[in-house]
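K.L.:
Below is the file protein08.cif, with mmCIF, C-alpha atoms.
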```cif
data_final
#
loop_
_atom_site.group_PDB
_atom_site.id
_atom_site.type_symbol
_atom_site.label_atom_id
_atom_site.label_comp_id
_atom_site.auth_asym_id
_atom_site.auth_seq_id
_atom_site.Cartn_x
_atom_site.Cartn_y
_atom_site.Cartn_z
ATOM 1 C CA MET H 1 -3.162 -69.499 23.519
ATOM 2 C CA THR H 2 -6.472 -68.655 21.851
ATOM 3 C CA SER H 3 -9.740 -70.523 21.414
ATOM 4 C CA THR H 4 -13.011 -70.141 19.574
ATOM 5 C CA ALA H 5 -16.458 -69.942 21.126
ATOM 6 C CA ALA H 6 -17.490 -72.995 23.117
ATOM 7 C CA ASP H 7 -20.183 -75.384 21.995
ATOM 8 C CA PRO H 8 -23.343 -74.307 23.836
ATOM 9 C CA SER H 9 -24.288 -77.716 25.257
ATOM 10 C CA PRO H 10 -21.900 -80.582 24.469
ATOM 11 C CA ASP H 11 -23.181 -84.134 24.803
ATOM 12 C CA THR H 12 -21.344 -85.185 27.956
ATOM 13 C CA THR H 13 -22.262 -88.840 27.417
ATOM 14 C CA ARG H 14 -19.556 -88.829 24.738
ATOM 15 C CA PRO H 15 -15.986 -89.145 26.053
ATOM 16 C CA THR H 16 -13.498 -86.430 25.179
ATOM 17 C CA ALA H 17 -10.313 -86.925 23.182
ATOM 18 C CA LEU H 18 -7.649 -84.217 23.158
ATOM 19 C CA ILE H 19 -5.685 -84.322 19.891
ATOM 20 C CA THR H 20 -2.673 -82.071 19.354
ATOM 21 C CA GLY H 21 -1.381 -80.886 15.995
ATOM 22 C CA VAL H 22 -4.636 -80.618 14.052
ATOM 23 C CA GLY H 23 -3.732 -77.690 11.844
ATOM 24 C CA ARG H 24 -4.664 -78.785 8.319
ATOM 25 C CA THR H 25 -7.621 -80.680 6.886
ATOM 26 C CA VAL H 26 -5.300 -83.123 5.073
ATOM 27 C CA GLY H 27 -3.154 -83.885 8.130
ATOM 28 C CA ILE H 28 -2.958 -87.050 10.200
ATOM 29 C CA GLY H 29 -4.372 -85.227 13.221
ATOM 30 C CA ALA H 30 -7.487 -84.190 11.320
ATOM 31 C CA GLY H 31 -7.916 -87.744 10.021
ATOM 32 C CA ILE H 32 -7.761 -89.096 13.565
ATOM 33 C CA ALA H 33 -10.211 -86.461 14.782
ATOM 34 C CA ARG H 34 -12.720 -87.432 12.087
ATOM 35 C CA ARG H 35 -12.447 -91.138 12.881
ATOM 36 C CA LEU H 36 -12.854 -90.663 16.635
ATOM 37 C CA ALA H 37 -15.804 -88.322 16.074
ATOM 38 C CA ASP H 38 -17.446 -91.084 14.030
ATOM 39 C CA SER H 39 -16.834 -93.457 16.944
ATOM 40 C CA GLY H 40 -18.639 -91.261 19.438
ATOM 41 C CA TRP H 41 -15.972 -88.980 20.881
ATOM 42 C CA ASN H 42 -16.063 -85.241 21.494
ATOM 43 C CA ILE H 43 -12.895 -83.616 20.198
ATOM 44 C CA ALA H 44 -10.652 -80.948 21.679
ATOM 45 C CA PHE H 45 -7.745 -80.154 19.393
ATOM 46 C CA THR H 46 -4.775 -77.840 19.141
ATOM 47 C CA TYR H 47 -3.155 -76.096 16.204
ATOM 48 C CA TRP H 48 -0.392 -73.501 15.807
ATOM 49 C CA HIS H 49 -0.468 -71.298 12.720
ATOM 50 C CA PRO H 50 3.008 -69.753 13.197
ATOM 51 C CA TYR H 51 4.508 -73.212 12.613
ATOM 52 C CA ASP H 52 2.581 -73.679 9.366
ATOM 53 C CA LEU H 53 3.652 -70.204 8.304
ATOM 54 C CA ARG H 54 7.314 -71.217 8.661
ATOM 55 C CA MET H 55 6.805 -74.333 6.525
ATOM 56 C CA GLU H 56 6.659 -74.435 2.744
ATOM 57 C CA TRP H 57 2.965 -75.384 2.667
ATOM 58 C CA GLY H 58 1.971 -72.289 4.656
ATOM 59 C CA ILE H 59 -1.287 -71.698 6.489
ATOM 60 C CA GLN H 60 -4.398 -73.379 5.138
ATOM 61 C CA GLU H 61 -6.928 -70.575 5.346
ATOM 62 C CA GLY H 62 -10.159 -71.584 7.066
ATOM 63 C CA ALA H 63 -8.784 -74.994 8.094
ATOM 64 C CA THR H 64 -9.861 -74.763 11.737
ATOM 65 C CA GLU H 65 -13.388 -73.743 10.831
ATOM 66 C CA ALA H 66 -13.610 -76.502 8.209
ATOM 67 C CA ILE H 67 -12.406 -79.131 10.676
ATOM 68 C CA VAL H 68 -14.903 -77.956 13.279
ATOM 69 C CA ARG H 69 -17.770 -78.107 10.768
ATOM 70 C CA ASP H 70 -16.734 -81.593 9.733
ATOM 71 C CA LEU H 71 -16.534 -82.877 13.310
ATOM 72 C CA VAL H 72 -19.827 -81.272 14.317
ATOM 73 C CA GLY H 73 -21.416 -82.923 11.282
ATOM 74 C CA ARG H 74 -20.228 -86.241 12.706
ATOM 75 C CA GLY H 75 -21.943 -85.565 16.026
ATOM 76 C CA ALA H 76 -18.972 -84.299 18.031
ATOM 77 C CA ALA H 77 -18.744 -81.241 20.222
ATOM 78 C CA THR H 78 -15.456 -79.475 19.604
ATOM 79 C CA ALA H 79 -12.945 -77.244 21.359
ATOM 80 C CA PRO H 80 -10.235 -75.940 19.016
ATOM 81 C CA VAL H 81 -7.348 -74.205 20.777
ATOM 82 C CA GLU H 82 -4.445 -72.380 19.139
ATOM 83 C CA ALA H 83 -1.502 -73.349 21.322
ATOM 84 C CA ASP H 84 2.241 -72.716 21.303
ATOM 85 C CA LEU H 85 3.533 -75.973 22.742
ATOM 86 C CA ALA H 86 7.067 -74.584 23.001
ATOM 87 C CA ASP H 87 5.753 -72.581 25.980
ATOM 88 C CA VAL H 88 5.950 -74.663 29.173
ATOM 89 C CA SER H 89 2.722 -73.135 30.508
ATOM 90 C CA THR H 90 0.675 -74.209 27.481
ATOM 91 C CA PRO H 91 -0.073 -77.892 28.235
ATOM 92 C CA ALA H 92 -1.886 -77.135 31.494
ATOM 93 C CA CYS H 93 -3.799 -74.298 29.807
ATOM 94 C CA VAL H 94 -4.879 -76.609 26.979
ATOM 95 C CA PHE H 95 -6.252 -79.137 29.464
ATOM 96 C CA ASP H 96 -8.012 -76.345 31.356
ATOM 97 C CA GLU H 97 -9.726 -75.222 28.152
ATOM 98 C CA ALA H 98 -10.663 -78.749 27.035
ATOM 99 C CA GLU H 99 -12.144 -79.574 30.439
ATOM 100 C CA ARG H 100 -14.014 -76.271 30.680
ATOM 101 C CA ARG H 101 -15.681 -76.765 27.330
ATOM 102 C CA LEU H 102 -16.061 -80.523 26.973
ATOM 103 C CA GLY H 103 -15.398 -82.144 30.332
ATOM 104 C CA PRO H 104 -12.640 -84.518 31.505
ATOM 105 C CA VAL H 105 -10.217 -85.849 28.898
ATOM 106 C CA THR H 106 -10.279 -89.623 28.445
ATOM 107 C CA ALA H 107 -7.859 -89.972 25.503
ATOM 108 C CA LEU H 108 -4.748 -87.951 24.696
ATOM 109 C CA VAL H 109 -3.455 -88.273 21.123
ATOM 110 C CA LEU H 110 -0.179 -86.479 20.387
ATOM 111 C CA CYS H 111 0.132 -85.562 16.699
ATOM 112 C CA HIS H 112 1.965 -82.249 16.996
ATOM 113 C CA CYS H 113 5.556 -81.824 15.907
ATOM 114 C CA GLU H 114 8.388 -79.515 15.022
ATOM 115 C CA SER H 115 9.983 -80.926 11.868
ATOM 116 C CA VAL H 116 12.739 -79.115 10.014
ATOM 117 C CA ASP H 117 15.221 -81.173 7.989
ATOM 118 C CA SER H 118 18.891 -80.854 8.957
ATOM 119 C CA ASP H 119 21.846 -83.196 9.416
ATOM 120 C CA LEU H 120 24.474 -83.767 12.098
ATOM 121 C CA LEU H 121 26.716 -80.987 10.839
ATOM 122 C CA GLY H 122 24.039 -78.503 9.790
ATOM 123 C CA THR H 123 21.665 -78.591 12.768
ATOM 124 C CA THR H 124 21.764 -75.409 14.830
ATOM 125 C CA VAL H 125 21.524 -75.349 18.607
ATOM 126 C CA GLU H 126 18.388 -73.210 18.308
ATOM 127 C CA SER H 127 16.687 -75.734 16.013
ATOM 128 C CA PHE H 128 17.758 -78.690 18.177
ATOM 129 C CA ASP H 129 16.363 -77.030 21.289
ATOM 130 C CA ARG H 130 13.098 -76.097 19.562
ATOM 131 C CA HIS H 131 12.570 -79.687 18.365
ATOM 132 C CA PHE H 132 13.076 -81.067 21.851
ATOM 133 C CA ALA H 133 10.908 -78.356 23.402
ATOM 134 C CA VAL H 134 7.956 -79.205 21.145
ATOM 135 C CA ASN H 135 8.358 -82.906 20.381
ATOM 136 C CA ALA H 136 9.696 -84.156 23.714
ATOM 137 C CA ARG H 137 9.208 -81.619 26.516
ATOM 138 C CA ALA H 138 5.684 -80.551 25.551
ATOM 139 C CA SER H 139 4.684 -84.185 25.087
ATOM 140 C CA TRP H 140 6.006 -85.034 28.549
ATOM 141 C CA LEU H 141 4.112 -82.094 30.046
ATOM 142 C CA LEU H 142 0.889 -83.073 28.262
ATOM 143 C CA ILE H 143 1.222 -86.695 29.381
ATOM 144 C CA ARG H 144 2.024 -85.563 32.922
ATOM 145 C CA GLU H 145 -1.021 -83.290 32.921
ATOM 146 C CA PHE H 146 -3.184 -86.174 31.727
ATOM 147 C CA GLY H 147 -1.914 -88.382 34.557
ATOM 148 C CA LEU H 148 -2.478 -85.702 37.183
ATOM 149 C CA ARG H 149 -6.045 -85.048 36.063
ATOM 150 C CA PHE H 150 -7.374 -88.414 34.874
ATOM 151 C CA SER H 151 -10.423 -89.479 36.867
ATOM 152 C CA GLY H 152 -12.122 -91.920 34.508
ATOM 153 C CA ALA H 153 -12.947 -95.547 35.066
ATOM 154 C CA PHE H 154 -9.995 -97.895 35.488
ATOM 155 C CA GLY H 155 -9.007 -99.198 32.053
ATOM 156 C CA SER H 156 -10.682 -96.423 30.064
ATOM 157 C CA GLY H 157 -7.812 -93.945 29.710
ATOM 158 C CA ARG H 158 -5.691 -93.820 26.563
ATOM 159 C CA ILE H 159 -2.431 -92.110 25.591
ATOM 160 C CA ILE H 160 -1.226 -92.422 22.002
ATOM 161 C CA SER H 161 1.802 -90.680 20.494
ATOM 162 C CA LEU H 162 2.823 -90.469 16.849
ATOM 163 C CA THR H 163 6.522 -91.025 16.394
ATOM 164 C CA SER H 164 9.186 -91.496 13.728
ATOM 165 C CA ASP H 165 12.537 -93.259 13.343
ATOM 166 C CA HIS H 166 13.748 -90.963 10.560
ATOM 167 C CA THR H 167 17.009 -89.469 11.831
ATOM 168 C CA VAL H 168 19.386 -89.454 8.829
ATOM 169 C CA ARG H 169 19.561 -85.829 7.624
ATOM 170 C CA ASN H 170 16.570 -85.249 9.896
ATOM 171 C CA LEU H 171 18.488 -85.332 13.160
ATOM 172 C CA PRO H 172 16.626 -83.043 15.589
ATOM 173 C CA TYR H 173 13.221 -84.384 14.515
ATOM 174 C CA GLY H 174 14.160 -88.047 14.779
ATOM 175 C CA ALA H 175 16.137 -87.655 17.998
ATOM 176 C CA SER H 176 13.316 -85.766 19.716
ATOM 177 C CA LYS H 177 10.782 -88.323 18.519
ATOM 178 C CA GLY H 178 12.981 -91.042 20.030
ATOM 179 C CA ALA H 179 12.687 -89.232 23.351
ATOM 180 C CA LEU H 180 8.918 -89.064 22.864
ATOM 181 C CA ASP H 181 8.821 -92.871 22.486
ATOM 182 C CA ARG H 182 10.482 -93.389 25.839
ATOM 183 C CA ILE H 183 8.275 -90.853 27.615
ATOM 184 C CA THR H 184 5.132 -92.481 26.233
ATOM 185 C CA LEU H 185 6.167 -96.019 27.072
ATOM 186 C CA ALA H 186 7.106 -94.967 30.607
ATOM 187 C CA ALA H 187 3.505 -93.831 31.107
ATOM 188 C CA ALA H 188 2.272 -97.371 30.385
ATOM 189 C CA HIS H 189 3.950 -98.459 33.642
ATOM 190 C CA GLU H 190 3.837 -95.318 35.759
ATOM 191 C CA PHE H 191 0.110 -94.831 35.151
ATOM 192 C CA ALA H 192 -0.733 -98.474 35.891
ATOM 193 C CA HIS H 193 -2.606 -97.420 39.026
ATOM 194 C CA LEU H 194 -4.939 -95.377 36.794
ATOM 195 C CA GLY H 195 -5.564 -98.172 34.302
ATOM 196 C CA VAL H 196 -4.343 -95.909 31.488
ATOM 197 C CA THR H 197 -2.745 -97.511 28.434
ATOM 198 C CA ALA H 198 0.039 -95.728 26.554
ATOM 199 C CA ASN H 199 1.329 -96.635 23.103
ATOM 200 C CA ALA H 200 3.359 -95.012 20.343
ATOM 201 C CA ILE H 201 2.578 -95.395 16.634
ATOM 202 C CA ASN H 202 5.113 -95.026 13.841
ATOM 203 C CA PRO H 203 2.983 -94.414 10.737
ATOM 204 C CA GLY H 204 5.922 -94.277 8.330
ATOM 205 C CA PRO H 205 5.855 -91.787 5.447
ATOM 206 C CA VAL H 206 2.390 -90.297 4.979
ATOM 207 C CA ASP H 207 2.004 -87.778 2.178
ATOM 208 C CA THR H 208 0.036 -84.869 3.593
ATOM 209 C CA GLY H 209 1.436 -82.391 1.100
ATOM 210 C CA TRP H 210 5.081 -82.261 2.124
ATOM 211 C CA MET H 211 6.531 -84.876 -0.265
ATOM 212 C CA THR H 212 8.422 -84.022 -3.414
ATOM 213 C CA ASP H 213 8.030 -86.250 -6.458
ATOM 214 C CA GLN H 214 11.393 -87.833 -5.695
ATOM 215 C CA VAL H 215 10.513 -88.537 -2.066
ATOM 216 C CA ARG H 216 7.195 -90.011 -3.139
ATOM 217 C CA GLU H 217 8.894 -92.278 -5.669
ATOM 218 C CA ASP H 218 11.519 -93.414 -3.140
ATOM 219 C CA CYS H 219 8.875 -94.192 -0.503
ATOM 220 C CA LEU H 220 6.757 -96.154 -2.945
ATOM 221 C CA ARG H 221 9.790 -98.189 -3.952
ATOM 222 C CA ALA H 222 10.549 -98.992 -0.292
ATOM 223 C CA THR H 223 6.992 -100.050 0.619
ATOM 224 C CA PRO H 224 6.084 -103.685 -0.133
ATOM 225 C CA LEU H 225 2.379 -102.920 -0.442
ATOM 226 C CA GLY H 226 3.087 -100.458 -3.240
ATOM 227 C CA ARG H 227 1.318 -97.375 -1.910
ATOM 228 C CA LEU H 228 1.868 -94.553 0.538
ATOM 229 C CA GLY H 229 0.303 -94.413 3.950
ATOM 230 C CA THR H 230 -2.741 -92.201 4.469
ATOM 231 C CA PRO H 231 -4.169 -90.376 7.487
ATOM 232 C CA ARG H 232 -6.998 -92.925 7.438
ATOM 233 C CA ASP H 233 -4.537 -95.769 8.005
ATOM 234 C CA THR H 234 -3.249 -94.153 11.185
ATOM 235 C CA ALA H 235 -6.729 -93.074 12.252
ATOM 236 C CA HIS H 236 -8.084 -96.628 12.110
ATOM 237 C CA LEU H 237 -5.319 -97.859 14.429
ATOM 238 C CA VAL H 238 -5.840 -94.977 16.863
ATOM 239 C CA ASP H 239 -9.577 -95.665 16.832
ATOM 240 C CA PHE H 240 -8.960 -99.319 17.709
ATOM 241 C CA LEU H 241 -6.530 -98.455 20.502
ATOM 242 C CA CYS H 242 -9.085 -96.022 21.949
ATOM 243 C CA SER H 243 -11.844 -98.643 21.868
ATOM 244 C CA PRO H 244 -12.549 -101.138 24.668
ATOM 245 C CA GLU H 245 -11.274 -103.865 22.337
ATOM 246 C CA GLY H 246 -7.886 -102.135 22.177
ATOM 247 C CA GLY H 247 -7.445 -101.958 25.924
ATOM 248 C CA TRP H 248 -5.066 -104.912 26.197
ATOM 249 C CA ILE H 249 -2.447 -103.294 23.971
ATOM 250 C CA ASN H 250 -0.150 -101.317 26.237
ATOM 251 C CA GLY H 251 3.437 -100.108 26.327
ATOM 252 C CA GLN H 252 4.009 -100.815 22.635
ATOM 253 C CA LEU H 253 5.771 -99.101 19.746
ATOM 254 C CA LEU H 254 3.522 -100.057 16.856
ATOM 255 C CA MET H 255 4.726 -99.932 13.259
ATOM 256 C CA SER H 256 1.812 -99.056 10.957
ATOM 257 C CA ASN H 257 3.708 -98.383 7.758
ATOM 258 C CA GLY H 258 2.866 -101.061 5.212
ATOM 259 C CA GLY H 259 6.282 -102.677 5.722
ATOM 260 C CA PHE H 260 8.236 -99.566 4.751
ATOM 261 C CA GLY H 261 11.965 -99.982 5.161
#
```
Would you mind writing the structure in this file as structure tokens?

P.N.:
Amino acid sequence: MTSTAADPSPDTTRPTALITGVGRTVGIGAGIARRLADSGWNIAFTYWHPYDLRMEWGIQEGATEAIVRDLVGRGAATAPVEADLADVSTPACVFDEAERRLGPVTALVLCHCESVDSDLLGTTVESFDRHFAVNARASWLLIREFGLRFSGAFGSGRIISLTSDHTVRNLPYGASKGALDRITLAAAHEFAHLGVTANAINPGPVDTGWMTDQVREDCLRATPLGRLGTPRDTAHLVDFLCSPEGGWINGQLLMSNGGFG
């Protein structure tokens, strides 16, 4: 796990959100970070370049620095941390770093994922295990760490996970995201004594550079509103859930996909 230099004097009157999976400027995680920064949050975020390097889009050079500049321009103090979430020791270390640099975490937003397409017959044991290590186990450990450390006012804490129901020919991703749903929704009840809400969002297909022309056409055809989802769509819902006005929504799997199906 690596991190950049800390902000010299973060504004501690702003609450801190920890957002995982903020590796590219066009990603959903970056969109959420921008929206929460606009709403008065400081932002700790994780990224993992070796994952991007394995994917067809590759590493976006200078992405972390660009995201930091953008968030600072919106008034947020930042704490970017490169973190291998397949390592069981990483979640606690990420919280240590976020707290050291920005103070206690009030909102945990899980945007990270391992996502490699494969079907029932073609999925390898190694790939299956890696998906569950990153998408399910790391999410559980991050949520557990949040519950162990949360010390904010009753009703102020937020946990939000991004999920998916896409399992056909995407088995390990969809199955591990299904596990993530259950872990998140359990927190809505098990963290009741803390006044922490926990919800999962299914944003549907969002084109952040991974779609082929055929996939894009198929998704458009299956969406009643006639367009693809954007990071801004998801970010607006996360922003609402993190606001005081969103505090009554708890233990829900929210579909924010324009009716895709």

K.L.:
So which residues get picked by the PyMOL selection byres ((chain H and resi 46) around 12) here, written as a ChimeraX atom specification?

P.N.:
/H:1-4,17-24,29-30,33,43-45,47-49,64,67-68,78-85,90-91,93-95,97-98,108-113,142

K.L.:
Could you tell me how far atom CA of Thr13 of chain H sits from atom CA of Leu148 of chain H, in Å to one decimal place?

P.N.:
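That distance, rounded to one decimal, is 22.3 Å.
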
K.L.:
One decimal, in Å: what's the spacing between atom CA of Ser164 of chain H and atom CA of Arg35 of chain H?

P.N.:
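The value is 21.7 Å.
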
K.L.:
Quick one: which residues end up in the PyMOL selection byres ((chain H and resi 222) around 6) for this structure, as an MDAnalysis selection string?

P.N.:
chainID H and resid 219:221 223 260:261

K.L.:
Name the residues that the PyMOL selection byres ((chain H and resi 120-132) around 10) pulls out of this structure, and write them as an mmCIF file with C-alpha atoms, in the coordinates of the input.

P.N.:
```cif
data_model
loop_
_atom_site.group_PDB
_atom_site.id
_atom_site.type_symbol
_atom_site.label_atom_id
_atom_site.label_comp_id
_atom_site.auth_asym_id
_atom_site.auth_seq_id
_atom_site.Cartn_x
_atom_site.Cartn_y
_atom_site.Cartn_z
ATOM 1 C CA ALA H 86 7.067 -74.584 23.001
ATOM 2 C CA CYS H 113 5.556 -81.824 15.907
ATOM 3 C CA GLU H 114 8.388 -79.515 15.022
ATOM 4 C CA SER H 115 9.983 -80.926 11.868
ATOM 5 C CA VAL H 116 12.739 -79.115 10.014
ATOM 6 C CA ASP H 117 15.221 -81.173 7.989
ATOM 7 C CA SER H 118 18.891 -80.854 8.957
ATOM 8 C CA ASP H 119 21.846 -83.196 9.416
ATOM 9 C CA ALA H 133 10.908 -78.356 23.402
ATOM 10 C CA VAL H 134 7.956 -79.205 21.145
ATOM 11 C CA ASN H 135 8.358 -82.906 20.381
ATOM 12 C CA ALA H 136 9.696 -84.156 23.714
ATOM 13 C CA ARG H 137 9.208 -81.619 26.516
ATOM 14 C CA ALA H 138 5.684 -80.551 25.551
ATOM 15 C CA SER H 139 4.684 -84.185 25.087
ATOM 16 C CA THR H 167 17.009 -89.469 11.831
ATOM 17 C CA VAL H 168 19.386 -89.454 8.829
ATOM 18 C CA ARG H 169 19.561 -85.829 7.624
ATOM 19 C CA ASN H 170 16.570 -85.249 9.896
ATOM 20 C CA LEU H 171 18.488 -85.332 13.160
ATOM 21 C CA PRO H 172 16.626 -83.043 15.589
ATOM 22 C CA TYR H 173 13.221 -84.384 14.515
ATOM 23 C CA GLY H 174 14.160 -88.047 14.779
ATOM 24 C CA ALA H 175 16.137 -87.655 17.998
ATOM 25 C CA SER H 176 13.316 -85.766 19.716
ATOM 26 C CA LYS H 177 10.782 -88.323 18.519
ATOM 27 C CA ALA H 179 12.687 -89.232 23.351
ATOM 28 C CA LEU H 180 8.918 -89.064 22.864
#
```

K.L.:
Please provide as a PyMOL selection string all residues within 10 Å of Trp210 of chain H, with the sequence filter that same-chain residues fewer than 4 positions apart are discarded (counting all atoms listed in the file).

P.N.:
chain H and resi 55-57+206+215-216

K.L.:
Which residues are close to segment 242-251 of chain H, i.e. within 8 Å by only C-alpha atoms, leaving aside same-chain residues fewer than 3 positions away? Reply as a PyMOL selection string.

P.N.:
chain H and resi 107+155-156+158+184-189+197-200+238-239

K.L.:
Please report the interatomic distance between atom CA of Ile143 of chain H and atom CA of Leu253 of chain H in Å with one decimal.

P.N.:
16.4 Å

K.L.:
Looking at H:Gly75, H:Gly204, H:Phe150, H:Arg144, which one is nearest to Thr106 of chain H, with distances taken over only C-alpha atoms?

P.N.:
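Ranking H:Gly75, H:Gly204, H:Phe150, H:Arg144 by distance to Thr106 of chain H, first place goes to H:Phe150.
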
K.L.:
Go through H:Gln60, H:Ser151, H:Thr234, H:Thr16 and flag the residue nearest Ile32 of chain H, using all atoms listed in the file for the distances.

P.N.:
H:Thr234

K.L.:
For Pro10 of chain H, which residue among H:Ala77, H:Leu225, H:Leu36, H:Val72 is the nearest when counting only C-alpha atoms?

P.N.:
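Of the candidates, the smallest distance to Pro10 of chain H is held by H:Ala77.
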
K.L.:
Please determine, counting only C-alpha atoms, which residue among H:Asp52, H:Asp218, H:Asp11, H:Asp87 has the shortest atom-to-atom distance to Gly40 of chain H.

P.N.:
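Under the stated criterion, the closest residue is H:Asp11.
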